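For reference, the structure is listed below as structure tokens.
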Amino acid sequence: MKKIKSLFPDKRKNIINLVFSAVFSVCITAGRQLENHGSVSFFHPAALTALIIICTGVFFVMSIADRHFEKICIHPDNNPEKKEVPKKMFFLTWGAFIVSYIPVLLASWPGFFCYDAETESYEVFTFKYSNHHPIMHELLLGNILRLGNKVFGSYNAGITIFVIMQMIVMSCIFAYLLTTLYRYGAGRIRLIVSFVFLAFFPTVQMFMVCTAKDVLFTGGIILFITLLIRTLHEKTSPFLLFISVCMMLFFRNNGIYILPVFCVLVFILEKRLRRILPVMIAGIVFYLIITQALIAFLPVKRGEKGEMLSVPMQQLARVHMLGKDAFTDEDLEILYSMIPEVILENYNPKLADNIKVNFLEDNFKADPGKYASLWVRTFFKKPGLYLDAFGIMTDGYWYLSAPVTGYEGYKVGNELYGESAYFQFMIETPGTSEPLLKGLNGFYKSLSLDIKWQRIPVLSLILLPSFYIWLFAFSYAGILKEKKNAFRTVFWIPALLFLTMLLGPIALVRYALPFYLMVPVFLAPEVLKDVSQ
């Protein structure tokens, strides 16, 4: 008994390890049932056995990792000295990242113009805007396309200009991240692995030459996290902090929800970071002023509520399909006045787009309490179906074997999706595809659209977003094991982002991109070692 206790001497670490192991085992067991059977039951003997085995195994692995944590860190005395970063190192790293993305740009020439890019540019061309997409990204993308067409007589030129500008910005942020980690003691091998991952991992490469708004938004998150690390070690640049806040706010609507909550958490829980609050608040105020000015100047149509109600609508749709007896005639009348019956009959468990597009918003706005009441009372009648609906929509983020699907049979432009929705491999109008490296283009196309890549053992693991989210959770758990470690704030932004992702209409790689690009931080635990205690 004493030998067993000696393996687990720290009560705080044991509790965190147990909670992590329990959550992980529940997610893996539930995910397998959802993917295979479409529902979850933990009372089946096989499920209970799996829960116990996985939970026990993960707990022991985490306990062993704790014992060897100091061996992983290159500064076991917890007193690392800051290194001077030669300017040449930063610029060489920056240039190396840019060069690494040139082949994928040539292979996808003029760059991947997809993920709502056509809609965004169309709104700029027609001067009919909607705040469904970030207005600043629409203006930036649409006007660069217009400039490219005016100067070079080709919209492809505009796409390429935008992509090259984005490559330069993202490469600069990556170089700044890696040199920051080097400055505070990250191991050389782990920095090399981080560079290779960010420079040559196909998923990262494809997004670096993709016009999706998620890329610059993710750049803002990575820059913000880098500045948090620097701030907790020493003073940092208020200007860069302001820029990172603006990137998160202006390039994806998730930032509007994440940053104010982060400010509140910092004010309440972390005194050492309160000095950055004025800069963050200034960024939020600046965003509000500019956005309201644009809305006043431009004919902006307000975004639909359906995007925010994806989860509850999917839950009601699942009950309608599998437990319709839960609805009274009056309930069905209310439900059909919000979502047409024919739409409910075409319910897709993985994708809420069909329902949210056909959501009767005017009826909902007239009496939202009536619909909220329907959702609540239906939950008490069919809680299992509600949980299944939520689980099957989001398991791509927490089940390690859940392939990225959901768009099967869904038409975007002139393209029809197959099983895989890993990456939207297309160039929407007014762009045209002119690949210069056709062999490499074929590889990226296969990776994006062929489901086989997501079913290859081990390889599928490092492709899927769930792997990187669990890597984040593992790293966050490690930080929480140290009492009052101020570096826990580094993980608050991605944690808040994850909560917003769970409310989205589908689980996609592009929504989880920040977790992929945080790999260098996950690989450098010594940099997050709080030396002030």
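Scheme for the structure tokens: letters A, B, ... for chains in order shown; per-chain residue numbers from 1; ligand numbers from 1 in order shown.
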
Handout entry: Contacts of Leu461 in chain A within 12 Å, only C-alpha atoms, excl. fewer than 2 positions in-chain, as a count of residues only
Key = 24

Find the nearest atom pair between each residue of range 383-448 of chain A and range 490-514 of chain A for residues within 12 Å, count only C-alpha atoms, give distances in Å to one decimal, sort rows by chain and ascending number, and present the table as a tab-separated table.
```
residue	atom	partner	partner_atom	distance
A:Ala389	CA	A:Pro505	CA	11.6
A:Phe390	CA	A:Leu502	CA	8.4
A:Gly391	CA	A:Leu502	CA	9.4
A:Ile392	CA	A:Ala507	CA	9.5
A:Met393	CA	A:Ile506	CA	6.0
A:Thr394	CA	A:Ala507	CA	5.7
A:Asp395	CA	A:Ala507	CA	7.6
A:Gly396	CA	A:Ala507	CA	5.5
A:Tyr397	CA	A:Ala507	CA	6.6
A:Trp398	CA	A:Ala507	CA	10.0
A:Tyr399	CA	A:Ala507	CA	11.3
A:Ala402	CA	A:Ala507	CA	10.0
A:Pro403	CA	A:Ala507	CA	9.7
A:Val404	CA	A:Leu508	CA	6.4
A:Thr405	CA	A:Leu508	CA	8.2
A:Gly406	CA	A:Ile506	CA	7.1
A:Tyr407	CA	A:Ile506	CA	9.0
A:Ser420	CA	A:Leu508	CA	10.6
A:Ala421	CA	A:Leu508	CA	7.5
A:Tyr422	CA	A:Val509	CA	6.4
A:Phe423	CA	A:Val509	CA	7.3
A:Gln424	CA	A:Arg510	CA	9.6
A:Ser448	CA	A:Val509	CA	10.6
```

Handout entry: Per-residue DSSP, range 295-466 of chain A, filtered to alpha helix (DSSP H), as a ChimeraX atom specification
Key = /A:295-297,310-322,329-336,341-344,353-357,361-366,368-381,383-394,438-449,459-463,465-466

Env of Gly439 in chain A: 12 Å cut, atoms = only C-alpha atoms, seq-sep filter 2 positions within chain, self excluded. Answer as a PDB file with N, CA and C atoms, in the first residue's frame.
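In the end it all went to part24.pdb:
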```pdb
ATOM      1  N   PRO A 103       5.425  26.418 -52.306  1.00  0.00           N
ATOM      2  CA  PRO A 103       4.966  25.270 -53.101  1.00  0.00           C
ATOM      3  C   PRO A 103       3.461  25.040 -53.046  1.00  0.00           C
ATOM      4  N   VAL A 104       2.862  25.186 -51.859  1.00  0.00           N
ATOM      5  CA  VAL A 104       1.413  24.948 -51.770  1.00  0.00           C
ATOM      6  C   VAL A 104       0.653  26.074 -52.464  1.00  0.00           C
ATOM      7  N   LEU A 106       1.743  27.588 -55.199  1.00  0.00           N
ATOM      8  CA  LEU A 106       1.845  27.232 -56.626  1.00  0.00           C
ATOM      9  C   LEU A 106       0.914  26.066 -56.971  1.00  0.00           C
ATOM     10  N   ALA A 107       0.800  25.118 -56.027  1.00  0.00           N
ATOM     11  CA  ALA A 107      -0.053  23.953 -56.266  1.00  0.00           C
ATOM     12  C   ALA A 107      -1.530  24.304 -56.266  1.00  0.00           C
ATOM     13  N   SER A 108      -1.891  25.386 -55.565  1.00  0.00           N
ATOM     14  CA  SER A 108      -3.305  25.768 -55.467  1.00  0.00           C
ATOM     15  C   SER A 108      -3.600  27.060 -56.216  1.00  0.00           C
ATOM     16  N   PRO A 435      -3.704  25.496 -61.201  1.00  0.00           N
ATOM     17  CA  PRO A 435      -2.571  24.929 -60.442  1.00  0.00           C
ATOM     18  C   PRO A 435      -1.314  24.828 -61.291  1.00  0.00           C
ATOM     19  N   LEU A 436      -0.172  25.198 -60.687  1.00  0.00           N
ATOM     20  CA  LEU A 436       1.107  25.166 -61.387  1.00  0.00           C
ATOM     21  C   LEU A 436       1.912  23.916 -61.032  1.00  0.00           C
ATOM     22  N   LEU A 437       1.588  23.288 -59.909  1.00  0.00           N
ATOM     23  CA  LEU A 437       2.222  22.023 -59.512  1.00  0.00           C
ATOM     24  C   LEU A 437       1.106  21.001 -59.372  1.00  0.00           C
ATOM     25  N   ASN A 441      -0.930  19.414 -56.156  1.00  0.00           N
ATOM     26  CA  ASN A 441      -2.339  19.776 -56.101  1.00  0.00           C
ATOM     27  C   ASN A 441      -3.204  18.537 -55.900  1.00  0.00           C
ATOM     28  N   GLY A 442      -2.862  17.436 -56.590  1.00  0.00           N
ATOM     29  CA  GLY A 442      -3.613  16.191 -56.445  1.00  0.00           C
ATOM     30  C   GLY A 442      -3.522  15.621 -55.039  1.00  0.00           C
ATOM     31  N   PHE A 443      -2.338  15.759 -54.419  1.00  0.00           N
ATOM     32  CA  PHE A 443      -2.177  15.266 -53.042  1.00  0.00           C
ATOM     33  C   PHE A 443      -3.071  16.043 -52.084  1.00  0.00           C
ATOM     34  N   TYR A 444      -3.044  17.381 -52.170  1.00  0.00           N
ATOM     35  CA  TYR A 444      -3.865  18.198 -51.270  1.00  0.00           C
ATOM     36  C   TYR A 444      -5.359  17.957 -51.522  1.00  0.00           C
ATOM     37  N   LYS A 445      -5.722  17.740 -52.769  1.00  0.00           N
ATOM     38  CA  LYS A 445      -7.130  17.464 -53.083  1.00  0.00           C
ATOM     39  C   LYS A 445      -7.573  16.151 -52.455  1.00  0.00           C
ATOM     40  N   SER A 446      -6.731  15.131 -52.556  1.00  0.00           N
ATOM     41  CA  SER A 446      -7.052  13.836 -51.970  1.00  0.00           C
ATOM     42  C   SER A 446      -7.169  13.949 -50.450  1.00  0.00           C
TER      43      SER A 446
END
```

Practice task
Please return as an MDAnalysis selection string: the residues of range 294-494 of chain A that backbone DSSP assigns to strand (DSSP E).
Solution key: chainID A and resid 300:301 411:412 415:416

Those residues you just picked out, can you put them in a file as a PDB file, in the first residue's frame with all heavy atoms?
```pdb
ATOM      1  N   VAL A 300     -25.770  47.776 -44.211  1.00  0.00           N
ATOM      2  CA  VAL A 300     -25.488  46.475 -43.597  1.00  0.00           C
ATOM      3  C   VAL A 300     -26.775  45.838 -43.094  1.00  0.00           C
ATOM      4  O   VAL A 300     -27.507  46.426 -42.291  1.00  0.00           O
ATOM      5  CB  VAL A 300     -24.486  46.615 -42.428  1.00  0.00           C
ATOM      6  CG1 VAL A 300     -24.243  45.259 -41.774  1.00  0.00           C
ATOM      7  CG2 VAL A 300     -23.172  47.202 -42.919  1.00  0.00           C
ATOM      8  N   LYS A 301     -27.016  44.629 -43.556  1.00  0.00           N
ATOM      9  CA  LYS A 301     -28.160  43.854 -43.084  1.00  0.00           C
ATOM     10  C   LYS A 301     -27.742  43.049 -41.861  1.00  0.00           C
ATOM     11  O   LYS A 301     -26.671  42.455 -41.838  1.00  0.00           O
ATOM     12  CB  LYS A 301     -28.640  42.893 -44.180  1.00  0.00           C
ATOM     13  CG  LYS A 301     -29.822  42.033 -43.796  1.00  0.00           C
ATOM     14  CD  LYS A 301     -30.167  41.064 -44.919  1.00  0.00           C
ATOM     15  CE  LYS A 301     -31.298  40.121 -44.513  1.00  0.00           C
ATOM     16  NZ  LYS A 301     -31.596  39.129 -45.575  1.00  0.00           N
ATOM     17  N   LYS A 411     -23.974  20.922 -51.717  1.00  0.00           N
ATOM     18  CA  LYS A 411     -23.411  21.612 -52.876  1.00  0.00           C
ATOM     19  C   LYS A 411     -22.931  23.003 -52.488  1.00  0.00           C
ATOM     20  O   LYS A 411     -23.653  23.773 -51.865  1.00  0.00           O
ATOM     21  CB  LYS A 411     -24.455  21.715 -54.000  1.00  0.00           C
ATOM     22  CG  LYS A 411     -23.873  22.148 -55.342  1.00  0.00           C
ATOM     23  CD  LYS A 411     -24.933  22.064 -56.435  1.00  0.00           C
ATOM     24  CE  LYS A 411     -24.327  22.403 -57.802  1.00  0.00           C
ATOM     25  NZ  LYS A 411     -25.341  22.330 -58.870  1.00  0.00           N
ATOM     26  N   VAL A 412     -21.686  23.304 -52.837  1.00  0.00           N
ATOM     27  CA  VAL A 412     -21.122  24.639 -52.645  1.00  0.00           C
ATOM     28  C   VAL A 412     -20.664  25.135 -54.001  1.00  0.00           C
ATOM     29  O   VAL A 412     -19.744  24.572 -54.600  1.00  0.00           O
ATOM     30  CB  VAL A 412     -19.936  24.616 -51.652  1.00  0.00           C
ATOM     31  CG1 VAL A 412     -19.354  26.012 -51.500  1.00  0.00           C
ATOM     32  CG2 VAL A 412     -20.373  24.080 -50.308  1.00  0.00           C
ATOM     33  N   GLU A 415     -19.590  22.689 -56.885  1.00  0.00           N
ATOM     34  CA  GLU A 415     -18.941  21.497 -56.350  1.00  0.00           C
ATOM     35  C   GLU A 415     -19.880  20.738 -55.420  1.00  0.00           C
ATOM     36  O   GLU A 415     -20.654  21.329 -54.665  1.00  0.00           O
ATOM     37  CB  GLU A 415     -17.675  21.879 -55.586  1.00  0.00           C
ATOM     38  CG  GLU A 415     -16.632  22.598 -56.429  1.00  0.00           C
ATOM     39  CD  GLU A 415     -15.949  21.678 -57.418  1.00  0.00           C
ATOM     40  OE1 GLU A 415     -15.945  20.454 -57.174  1.00  0.00           O
ATOM     41  OE2 GLU A 415     -15.426  22.175 -58.424  1.00  0.00           O
ATOM     42  N   LEU A 416     -19.796  19.409 -55.483  1.00  0.00           N
ATOM     43  CA  LEU A 416     -20.600  18.547 -54.624  1.00  0.00           C
ATOM     44  C   LEU A 416     -19.666  17.789 -53.689  1.00  0.00           C
ATOM     45  O   LEU A 416     -18.715  17.148 -54.123  1.00  0.00           O
ATOM     46  CB  LEU A 416     -21.404  17.555 -55.467  1.00  0.00           C
ATOM     47  CG  LEU A 416     -22.545  16.806 -54.762  1.00  0.00           C
ATOM     48  CD1 LEU A 416     -23.639  17.779 -54.338  1.00  0.00           C
ATOM     49  CD2 LEU A 416     -23.122  15.732 -55.671  1.00  0.00           C
TER      50      LEU A 416
END
```

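Straight-line separation from CA of Leu374 in chain A to CA of Leu322 in chain A: 16.8 Å.
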
Using only C-alpha atoms, determine which residues lie at most 6 Å from range 520-526 of chain A, disregarding the query and same-chain residues fewer than 2 positions distant; provide the list as a PDB file with all heavy atoms, in the first residue's frame.
```pdb
ATOM      1  N   CYS A  73      11.657  19.379 -18.833  1.00  0.00           N
ATOM      2  CA  CYS A  73      12.064  20.779 -18.815  1.00  0.00           C
ATOM      3  C   CYS A  73      13.575  20.889 -18.847  1.00  0.00           C
ATOM      4  O   CYS A  73      14.278  20.111 -18.200  1.00  0.00           O
ATOM      5  CB  CYS A  73      11.520  21.479 -17.559  1.00  0.00           C
ATOM      6  SG  CYS A  73       9.726  21.594 -17.535  1.00  0.00           S
ATOM      7  N   ALA A 186      12.867  27.437 -24.313  1.00  0.00           N
ATOM      8  CA  ALA A 186      12.352  26.234 -24.975  1.00  0.00           C
ATOM      9  C   ALA A 186      13.505  25.415 -25.550  1.00  0.00           C
ATOM     10  O   ALA A 186      14.488  25.963 -26.052  1.00  0.00           O
ATOM     11  CB  ALA A 186      11.380  26.616 -26.087  1.00  0.00           C
ATOM     12  N   SER A 194       8.599  22.153 -33.818  1.00  0.00           N
ATOM     13  CA  SER A 194       7.552  23.164 -33.977  1.00  0.00           C
ATOM     14  C   SER A 194       7.641  23.842 -35.337  1.00  0.00           C
ATOM     15  O   SER A 194       6.627  24.044 -36.021  1.00  0.00           O
ATOM     16  CB  SER A 194       7.656  24.216 -32.864  1.00  0.00           C
ATOM     17  OG  SER A 194       7.427  23.641 -31.600  1.00  0.00           O
ATOM     18  N   MET A 518      -1.200  26.091 -31.967  1.00  0.00           N
ATOM     19  CA  MET A 518      -0.646  26.225 -30.617  1.00  0.00           C
ATOM     20  C   MET A 518       0.330  25.104 -30.269  1.00  0.00           C
ATOM     21  O   MET A 518       0.868  25.079 -29.159  1.00  0.00           O
ATOM     22  CB  MET A 518      -1.776  26.245 -29.575  1.00  0.00           C
ATOM     23  CG  MET A 518      -2.425  27.599 -29.382  1.00  0.00           C
ATOM     24  SD  MET A 518      -3.567  27.603 -27.971  1.00  0.00           S
ATOM     25  CE  MET A 518      -2.430  27.466 -26.593  1.00  0.00           C
ATOM     26  N   LEU A 528       6.316  27.819 -19.688  1.00  0.00           N
ATOM     27  CA  LEU A 528       5.143  28.150 -18.882  1.00  0.00           C
ATOM     28  C   LEU A 528       5.350  27.824 -17.407  1.00  0.00           C
ATOM     29  O   LEU A 528       4.403  27.810 -16.624  1.00  0.00           O
ATOM     30  CB  LEU A 528       3.918  27.398 -19.409  1.00  0.00           C
ATOM     31  CG  LEU A 528       3.602  27.606 -20.891  1.00  0.00           C
ATOM     32  CD1 LEU A 528       2.363  26.825 -21.278  1.00  0.00           C
ATOM     33  CD2 LEU A 528       3.413  29.078 -21.205  1.00  0.00           C
ATOM     34  N   LYS A 529       6.581  27.561 -17.027  1.00  0.00           N
ATOM     35  CA  LYS A 529       6.896  27.285 -15.627  1.00  0.00           C
ATOM     36  C   LYS A 529       6.951  28.608 -14.882  1.00  0.00           C
ATOM     37  O   LYS A 529       7.738  29.502 -15.224  1.00  0.00           O
ATOM     38  CB  LYS A 529       8.249  26.574 -15.546  1.00  0.00           C
ATOM     39  CG  LYS A 529       8.483  25.858 -14.230  1.00  0.00           C
ATOM     40  CD  LYS A 529       7.716  24.558 -14.176  1.00  0.00           C
ATOM     41  CE  LYS A 529       8.085  23.780 -12.912  1.00  0.00           C
ATOM     42  NZ  LYS A 529       7.280  22.576 -12.764  1.00  0.00           N
TER      43      LYS A 529
END
```

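Non-sequential neighbours of range 200-211 of chain A (distance at most 7 Å, separation of 4 or more positions within a chain, only C-alpha atoms) are A:Ser100, A:Tyr101, A:Val104, A:Leu105, A:Gly111, A:Phe112, A:Phe113, A:Cys114, A:Ala117, A:Val163, A:Met167, A:Val196, A:Val215.
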
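Between Tyr182 in chain A and the residues A:Phe297, A:Phe90, A:Tyr155, A:Tyr122, the shortest atom-to-atom distance, using only C-alpha atoms, involves A:Phe90.
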
Completion exercise
For Phe59 in chain A, the closest of A:Lys88, A:Ser130, A:Ala22, A:His44 counting only C-alpha atoms is A:Ala22

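The space separating CA of Ile53 in chain A from CA of Leu18 in chain A comes to 13.0 Å.
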
Practice task
Give me the residues within 12 Å of range 255-269 of chain A as a PyMOL selection string, counting only C-alpha atoms and dropping any in the same chain fewer than 5 places off.
Solution key: chain A and resi 134+214+216-218+220-221+224+228+244-250+274-285+287-288+291+484-501

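Of note, CA of Phe515 in chain A and CA of Ile102 in chain A are spaced 23.3 Å apart.
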
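Residue nearest Lys213 in chain A within the list A:His132, A:Arg252, A:Lys150, A:Lys370: A:Arg252 [criterion: smallest interatomic distance, only C-alpha atoms].
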
So which residues touch Leu48 in chain A within 10 Å, counting only C-alpha atoms, skipping near sequence neighbours fewer than 5 positions away, as a compact mmCIF listing (two decimals) with C-alpha atoms, in the first residue's frame?
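Everything below was put into part_1.txt:
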```txt
# COMPACT_ATOMS: atom_id res chain seq x y z
CA VAL A 26 -16.46 9.40 -21.06
CA THR A 29 -16.77 5.85 -24.95
CA SER A 41 -25.75 4.36 -23.18
CA PHE A 42 -23.20 3.99 -20.38
CA PHE A 43 -25.14 1.19 -18.68
CA ILE A 53 -10.15 0.59 -18.46
```

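With only C-alpha atoms as the atoms that count, the residue of A:Ile135, A:Arg12, A:Val23, A:Asn143 with the shortest distance to Ala473 in chain A is A:Val23.
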
Problem - Pick from A:Ile159, A:Ala175, A:Ile16, A:Ala30 nearest to Ile479 in chain A, counting only C-alpha atoms - result: A:Ile16
